[in-house]
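This is query.txt. It holds compact mmCIF, C-alpha atoms.
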# COMPACT_ATOMS: atom_id res chain seq x y z
CA MET T 1359 0.00 0.00 0.00
CA ALA T 1360 1.36 3.38 -0.97
CA ALA T 1361 2.12 5.86 1.76
CA PRO T 1362 -0.41 8.69 1.94
CA PRO T 1363 0.75 11.72 -0.05
CA ARG T 1364 2.53 14.34 2.00
CA PRO T 1365 1.07 17.81 1.88
CA GLU T 1366 3.08 20.15 -0.30
CA SER T 1367 3.45 22.46 2.69
CA VAL T 1368 5.56 19.86 4.54
CA ALA T 1369 8.02 19.54 1.66
CA LEU T 1370 8.14 23.33 1.35
CA LEU T 1371 8.83 23.72 5.07
CA GLU T 1372 11.66 21.18 4.93
CA LYS T 1373 13.27 23.00 2.01
CA LEU T 1374 12.96 26.35 3.81
CA VAL T 1375 14.50 25.00 7.02
CA ALA T 1376 17.32 23.36 5.05
CA ALA T 1377 18.03 26.63 3.23
CA LEU T 1378 18.04 28.65 6.46
CA SER T 1379 20.34 26.10 8.14
CA ALA T 1380 22.70 26.07 5.15
CA LYS T 1381 22.99 29.86 5.32
CA GLY T 1382 23.59 29.75 9.08
CA ILE T 1383 20.49 31.86 9.76
CA LEU T 1384 18.63 29.35 11.92
CA THR T 1385 19.41 25.97 13.46
CA GLU T 1386 17.10 23.02 14.14
CA GLU T 1387 17.86 23.54 17.84
CA GLU T 1388 16.63 27.15 17.74
CA ILE T 1389 13.42 26.02 16.07
CA ALA T 1390 12.90 23.31 18.71
CA ALA T 1391 13.54 25.82 21.52
CA ARG T 1392 11.01 28.26 20.06
CA GLN T 1393 8.46 25.47 19.62
CA ALA T 1394 8.95 24.49 23.27
CA ILE T 1395 8.27 28.08 24.39
CA THR T 1396 5.14 28.25 22.21
CA ASP T 1397 3.88 24.87 23.41
CA ARG T 1398 4.40 25.87 27.07
CA ALA T 1399 2.24 28.97 26.70
CA SER T 1400 -1.39 28.51 27.70
CA PRO T 1401 -4.30 30.65 28.90
CA GLU T 1402 -3.37 29.61 32.44
CA THR T 1403 -0.53 32.12 32.24
CA GLY T 1404 -2.88 34.98 31.41
CA ALA T 1405 -5.28 33.77 34.12
CA ARG T 1406 -2.50 33.83 36.75
CA MET T 1407 -1.61 37.38 35.69
CA VAL T 1408 -5.23 38.50 36.07
CA ALA T 1409 -5.62 36.80 39.46
CA LYS T 1410 -2.46 38.48 40.70
CA ALA T 1411 -3.66 41.86 39.41
CA TRP T 1412 -6.94 41.35 41.32
CA THR T 1413 -5.09 40.86 44.61
CA ASP T 1414 -1.95 42.97 44.23
CA PRO T 1415 -2.43 46.69 43.33
CA GLU T 1416 1.26 47.12 42.53
CA TYR T 1417 1.17 44.24 40.06
CA ARG T 1418 -2.07 45.58 38.58
CA ALA T 1419 -0.38 48.92 37.90
CA LEU T 1420 2.55 47.14 36.22
CA LEU T 1421 0.21 44.95 34.16
CA LEU T 1422 -1.68 47.97 32.82
CA SER T 1423 1.38 50.11 32.14
CA ASN T 1424 3.71 47.42 30.76
CA GLY T 1425 2.15 44.06 29.97
CA THR T 1426 5.45 42.67 28.69
CA ALA T 1427 7.22 43.37 32.01
CA ALA T 1428 4.23 41.97 33.91
CA ALA T 1429 4.42 38.74 31.90
CA GLU T 1430 8.15 38.48 32.50
CA ALA T 1431 7.54 38.98 36.22
CA MET T 1432 5.45 35.78 36.05
CA GLY T 1433 8.32 33.88 34.42
CA VAL T 1434 7.13 34.15 30.81
CA THR T 1435 9.83 34.39 28.12
CA MET T 1436 8.91 37.55 26.18
CA ALA T 1437 12.15 37.83 24.17
CA GLY T 1438 11.22 37.81 20.49
CA ALA T 1439 7.51 38.17 21.28
CA PRO T 1440 5.56 41.30 20.30
CA PRO T 1441 4.90 43.75 23.16
CA LEU T 1442 1.86 42.92 25.29
CA GLY T 1443 -0.80 45.49 26.10
CA VAL T 1444 -3.49 44.88 28.71
CA LEU T 1445 -6.96 46.45 28.53
CA GLU T 1446 -8.76 47.18 31.79
CA ASP T 1447 -12.50 46.48 31.95
CA THR T 1448 -14.51 48.81 34.19
CA PRO T 1449 -18.17 49.00 35.22
CA THR T 1450 -18.76 51.20 32.15
CA ARG T 1451 -16.35 49.69 29.60
CA HIS T 1452 -15.86 46.17 28.26
CA HIS T 1453 -13.08 45.18 25.85
CA LEU T 1454 -13.29 42.62 23.05
CA VAL T 1455 -10.14 41.64 21.13
CA VAL T 1456 -10.10 40.69 17.45
CA CYS T 1457 -7.63 40.80 14.57
CA THR T 1458 -9.59 41.66 11.44
CA LEU T 1459 -6.52 41.43 9.20
CA CYS T 1460 -5.26 37.99 10.21
CA SER T 1461 -5.14 36.32 13.63
CA CYS T 1462 -2.75 38.32 15.85
CA TYR T 1463 -3.14 36.90 19.36
CA PRO T 1464 -1.10 37.23 22.58
CA ARG T 1465 0.37 33.74 22.22
CA ALA T 1466 3.08 34.32 24.83
CA VAL T 1467 0.44 34.47 27.58
CA LEU T 1468 -2.57 32.70 25.99
CA GLY T 1469 -0.98 29.98 23.85
CA TYR T 1470 -2.43 29.00 20.50
CA PRO T 1471 -5.53 30.90 19.36
CA PRO T 1472 -8.77 28.93 19.18
CA HIS T 1473 -10.13 28.16 15.70
CA TRP T 1474 -13.04 30.58 16.01
CA TYR T 1475 -10.64 33.48 16.69
CA LYS T 1476 -9.09 32.88 13.25
CA SER T 1477 -12.41 32.42 11.44
CA ALA T 1478 -13.53 34.98 8.87
CA ALA T 1479 -16.91 35.11 10.59
CA TYR T 1480 -15.54 36.15 14.00
CA ARG T 1481 -13.10 38.63 12.46
CA ALA T 1482 -15.77 40.30 10.34
CA ARG T 1483 -18.56 40.27 12.90
CA ALA T 1484 -16.71 41.19 16.11
CA VAL T 1485 -15.86 44.60 14.74
CA ARG T 1486 -19.29 45.29 13.22
CA ASP T 1487 -21.76 43.59 15.57
CA PRO T 1488 -19.92 43.05 18.85
CA ARG T 1489 -23.10 42.80 20.90
CA GLY T 1490 -24.48 40.12 18.58
CA VAL T 1491 -21.23 38.14 18.82
CA LEU T 1492 -21.11 38.43 22.62
CA ALA T 1493 -24.72 37.30 22.89
CA GLU T 1494 -23.76 34.05 21.15
CA TRP T 1495 -21.34 33.39 24.02
CA GLY T 1496 -24.13 34.14 26.46
CA THR T 1497 -22.48 37.45 27.33
CA HIS T 1498 -25.10 40.18 27.63
CA LEU T 1499 -23.98 43.68 28.62
CA PRO T 1500 -26.29 46.57 29.48
CA ASP T 1501 -26.66 49.29 26.85
CA ASN T 1502 -24.92 51.79 29.12
CA VAL T 1503 -21.69 49.76 29.06
CA GLU T 1504 -19.37 50.79 26.22
CA ILE T 1505 -18.08 47.86 24.22
CA ARG T 1506 -14.63 48.74 22.99
CA VAL T 1507 -13.54 46.41 20.22
CA VAL T 1508 -9.76 46.28 19.99
CA ASP T 1509 -8.62 45.47 16.46
CA SER T 1510 -5.14 44.02 16.83
CA THR T 1511 -3.84 45.27 13.48
CA ALA T 1512 -0.12 45.84 13.99
CA ASP T 1513 2.76 45.27 16.38
CA TYR T 1514 1.11 44.93 19.81
CA ARG T 1515 -0.80 41.96 21.17
CA TRP T 1516 -3.74 42.59 23.51
CA MET T 1517 -5.22 40.81 26.51
CA VAL T 1518 -8.23 41.82 28.60
CA LEU T 1519 -8.12 42.39 32.36
CA PRO T 1520 -11.72 41.52 33.31
CA MET T 1521 -13.41 42.82 36.45
CA ARG T 1522 -13.19 40.64 39.52
CA PRO T 1523 -16.66 39.22 40.07
CA ALA T 1524 -18.56 39.66 43.33
CA GLY T 1525 -18.56 36.62 45.58
CA THR T 1526 -14.81 36.03 45.31
CA GLU T 1527 -13.81 37.91 48.47
CA GLY T 1528 -11.02 36.19 50.33
CA TRP T 1529 -10.24 33.77 47.48
CA SER T 1530 -6.63 32.68 46.91
CA GLU T 1531 -4.88 33.70 43.69
CA GLU T 1532 -5.06 30.10 42.56
CA ARG T 1533 -8.80 29.90 43.03
CA LEU T 1534 -9.29 33.27 41.34
CA ALA T 1535 -7.20 32.13 38.36
CA SER T 1536 -9.44 29.07 37.97
CA ILE T 1537 -12.41 31.24 36.88
CA VAL T 1538 -10.42 33.27 34.33
CA THR T 1539 -10.85 31.36 31.09
CA ARG T 1540 -9.25 31.95 27.70
CA ASP T 1541 -12.56 33.42 26.51
CA CYS T 1542 -12.50 35.94 29.39
CA LEU T 1543 -9.01 37.04 28.34
CA VAL T 1544 -10.20 37.67 24.75
CA GLY T 1545 -13.34 39.39 26.05
CA VAL T 1546 -16.09 37.15 24.69
CA ALA T 1547 -16.98 35.91 28.18
CA LEU T 1548 -16.93 37.16 31.78
CA PRO T 1549 -15.44 35.32 34.76
CA LYS T 1550 -18.22 33.48 36.58
CA VAL T 1551 -18.50 32.27 40.15
CA ALA T 1552 -19.89 28.75 39.93
CA MET I 146 11.75 60.20 14.45
CA THR I 147 8.82 62.53 13.90
CA ALA I 148 7.37 64.04 17.07
CA ALA I 149 4.53 61.96 18.39
CA ILE I 150 0.93 63.03 17.84
CA ALA I 151 -0.41 63.69 21.34
CA PRO I 152 -3.21 61.53 22.73
CA GLY I 153 -6.54 63.34 22.35
CA THR I 154 -5.67 64.69 18.89
CA ARG I 155 -8.31 64.22 16.19
CA VAL I 156 -6.88 62.49 13.12
CA ARG I 157 -8.17 61.21 9.82
CA VAL I 158 -7.04 57.95 8.30
CA LYS I 159 -5.98 58.53 4.72
CA ALA I 160 -8.50 57.38 2.14
CA ASP I 161 -5.76 55.59 0.24
CA TRP I 162 -6.03 52.21 -1.51
CA PRO I 163 -2.51 51.01 -2.34
CA GLU I 164 -3.93 47.58 -3.16
CA GLU I 165 -5.37 49.14 -6.32
CA ARG I 166 -1.87 50.12 -7.45
CA GLY I 167 -0.16 46.74 -7.12
CA PRO I 168 1.16 44.17 -4.65
CA CYS I 169 1.37 45.54 -1.13
CA HIS I 170 1.07 44.66 2.55
CA ILE I 171 -1.11 46.99 4.60
CA ARG I 172 -1.94 46.96 8.30
CA THR I 173 -4.66 49.63 8.00
CA PRO I 174 -8.11 48.02 7.82
CA HIS I 175 -10.27 49.14 4.91
CA TYR I 176 -13.19 50.05 7.18
CA VAL I 177 -11.41 53.03 8.75
CA ARG I 178 -9.85 54.56 5.65
CA GLY I 179 -11.12 58.10 5.26
CA ARG I 180 -12.60 57.99 8.77
CA THR I 181 -11.91 60.34 11.66
CA GLY I 182 -10.88 59.20 15.12
CA THR I 183 -8.95 60.29 18.20
CA VAL I 184 -5.42 59.25 19.17
CA GLU I 185 -5.73 57.20 22.34
CA ARG I 186 -2.13 56.05 22.93
CA VAL I 187 1.32 56.33 21.43
CA LEU I 188 2.63 52.76 21.21
CA GLY I 189 6.18 53.55 20.05
CA ALA I 190 8.19 53.13 16.86
CA PHE I 191 8.31 49.89 14.91
CA PRO I 192 9.86 48.88 11.56
CA ASN I 193 7.27 49.63 8.88
CA PRO I 194 5.51 46.30 8.17
CA GLU I 195 4.71 47.48 4.63
CA ASP I 196 8.44 47.21 3.87
CA LEU I 197 9.23 44.27 6.17
CA ALA I 198 6.72 42.10 4.30
CA PHE I 199 8.80 42.48 1.11
CA GLY I 200 12.21 42.13 2.78
CA ARG I 201 13.02 45.78 2.09
CA PRO I 202 14.87 48.06 4.52
CA ALA I 203 12.10 49.05 6.92
CA PRO I 204 12.40 52.53 8.52
CA ARG I 205 10.84 52.80 11.96
CA ARG I 206 7.48 54.54 12.11
CA MET I 207 5.44 55.73 15.05
CA LEU I 208 2.49 53.51 15.86
CA TYR I 209 -0.67 54.82 17.51
CA GLN I 210 -3.85 53.39 18.91
CA VAL I 211 -6.72 55.40 17.45
CA LEU I 212 -10.26 55.32 18.81
CA PHE I 213 -13.30 55.47 16.51
CA ASP I 214 -16.99 55.58 17.31
CA GLN I 215 -18.37 52.25 16.18
CA GLN I 216 -21.74 53.39 14.87
CA PRO I 217 -20.62 55.83 12.13
CA LEU I 218 -18.31 53.15 10.66
CA TRP I 219 -21.22 50.83 9.88
CA ASN I 220 -24.34 52.98 10.25
CA GLU I 221 -25.52 50.54 12.88
CA GLY I 222 -24.83 49.50 16.43
CA ASN I 223 -24.89 51.03 19.88
CA PRO I 224 -23.87 54.73 19.99
CA ARG I 225 -21.68 54.06 23.05
CA ASP I 226 -19.55 51.41 21.37
CA THR I 227 -16.08 52.11 20.00
CA VAL I 228 -13.29 50.49 18.00
CA LEU I 229 -9.63 50.92 18.98
CA ILE I 230 -7.14 50.27 16.18
CA GLU I 231 -3.35 50.32 15.76
CA ILE I 232 -2.45 52.68 12.91
CA TYR I 233 0.92 53.88 11.65
CA GLU I 234 1.71 57.61 11.47
CA HIS I 235 2.04 57.70 7.69
CA TRP I 236 -1.64 56.74 7.44
CA LEU I 237 -2.79 59.62 9.64
CA GLU I 238 -3.47 63.19 8.60
CA PRO I 239 -4.52 66.19 10.68
CA VAL I 240 -8.15 67.18 11.00
CA SER I 241 -8.89 70.88 11.02
CA GLU I 242 -11.54 71.93 13.50
CA GLY I 243 -15.04 72.05 12.12
CA ARG I 244 -14.41 69.64 9.25
CA HIS I 245 -15.63 66.58 11.10
Produce structure tokens that represent the structure in this file.
Amino acid sequence: MAAPPRPESVALLEKLVAALSAKGILTEEEIAARQAITDRASPETGARMVAKAWTDPEYRALLLSNGTAAAEAMGVTMAGAPPLGVLEDTPTRHHLVVCTLCSCYPRAVLGYPPHWYKSAAYRARAVRDPRGVLAEWGTHLPDNVEIRVVDSTADYRWMVLPMRPAGTEGWSEERLASIVTRDCLVGVALPKVA
Amino acid sequence: MTAAIAPGTRVRVKADWPEERGPCHIRTPHYVRGRTGTVERVLGAFPNPEDLAFGRPAPRRMLYQVLFDQQPLWNEGNPRDTVLIEIYEHWLEPVSEGRH
């Protein structure tokens, strides 16, 4: 039985890597190291940053003024990553992150983007009908709350700092982090106390 | 480096369509070209992605976050809602008072 055909993209990638290695631009080891950093990243990192910001005013100030430094303070490798900006939700303003041009996403602190974030439907609709999109996640905001859609079009990557929900008084950082989901960090959902 | 445009300044995004003139790489979404907004933040200088994409020398350009009212962009939506977008300085032009 013949082996299944390999996608053209695999052959192309191998040729590109071979060419870069031959020119001394990039080694297999550097690629593996970068893959390891990318694979390690997950929304748990962003959730820990939010939980810390909810309990530590000094860290909150750092997070909002310099997201990159705040990520590094949590042990995240930000070298080579685009700068991170953090958007603060308030009782009168909610942020929703999208990249209408492609799929820019704060991978260093959220890991790989979900499929829907990269879909043409989300990218087109989030910027035009944010309330309709949020409703599909079960997120309903009063009319007097401004929805600020953040179109991640260039060199920054954006993460949302949601509001700490009522009923979490006295919680540990770990417990707080457990209610901050990936969707909360993109802004399609709100942290919920079960 | 050109002096930064101060936050709070009204700016218009150029109504330019380089994609009609040939191959290009643009980070300015079509839906804000020709539209007026307000500079929210100065994000710093970055190599111009329009050159980087073609492997050309890429001079650094100032990058801003510009805030637009959502409703005028689409003629629909909630009047409170806004869109915040990263736009490079060479896409922004001054708005004289009274013209918006």
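Atom pair CA of Glu1387 in chain T / CA of Pro1440 in chain T has a distance of 21.7 Å (rounded to one decimal).
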Env of range 1501-1506 of chain T: 7 Å cut, atoms = all atoms listed in the file, seq-sep filter 2 positions within chain, self excluded. Answer as a PyMOL selection string. (chain T and resi 1450-1454+1499+1508) or (chain I and resi 225-229)
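Taking CA of Val187 in chain I and CA of Thr154 in chain I as endpoints, the distance between them is 11.2 Å.
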Quick one: residues within 9 Å of Asn193 in chain I, all atoms listed in the file, excluding same-chain residues fewer than 2 positions away - as a PyMOL selection string? chain I and resi 190-191+195-198+202-207+233
Which chain I residues are at most 10 Å from chain T (counting all atoms listed in the file), as a ChimeraX atom specification? /I:171-176,188-194,208-216,218-233
If we count all atoms listed in the file and set the cut-off at 6 Å, which residues sit around Leu237 in chain I, ignoring sequence neighbours fewer than 5 positions away in its own chain? Please answer as a ChimeraX atom specification. /I:157-159
Keeping C-alpha atoms, export the residues of the selection given above as a tab-separated table (two decimals), in the frame of the given file.
chain	number	residue	atom	x	y	z
I	157	ARG	CA	-8.17	61.21	9.82
I	158	VAL	CA	-7.04	57.95	8.30
I	159	LYS	CA	-5.98	58.53	4.72
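Of note, CA of Trp1412 in chain T and CA of Tyr1470 in chain T are spaced 24.6 Å apart.
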Determine, counting only C-alpha atoms, which protein, DNA and RNA residues have an atom within 12 Å of an atom of Arg1533 in chain T; residues of the same chain fewer than 2 positions away are not included. Present the result as a PyMOL selection string. chain T and resi 1402+1405-1406+1408-1410+1412-1413+1526-1531+1535-1538+1549-1552
Test item: residues at most 12 Å from Val1434 in chain T, all atoms listed in the file, excluding those fewer than 2 positions along its chain, as a ChimeraX atom specification: /T:1395-1396,1398-1400,1402-1404,1406-1407,1425-1432,1436-1439,1442,1465-1469
Assuming 5 Å of padding per side, give the centre and edge lengths of the axis-aligned box around every listed atom of range 1526-1543 of chain T, in Å to one decimal and as JSON.
{"center_x": -9.8, "center_y": 33.5, "center_z": 38.4, "size_x": 19.9, "size_y": 18.8, "size_z": 33.8}
Just checking: using only C-alpha atoms, which residue out of I:Trp236, I:Ser241, I:Pro163, I:His170 ends up closest to Gly200 in chain I? I:His170
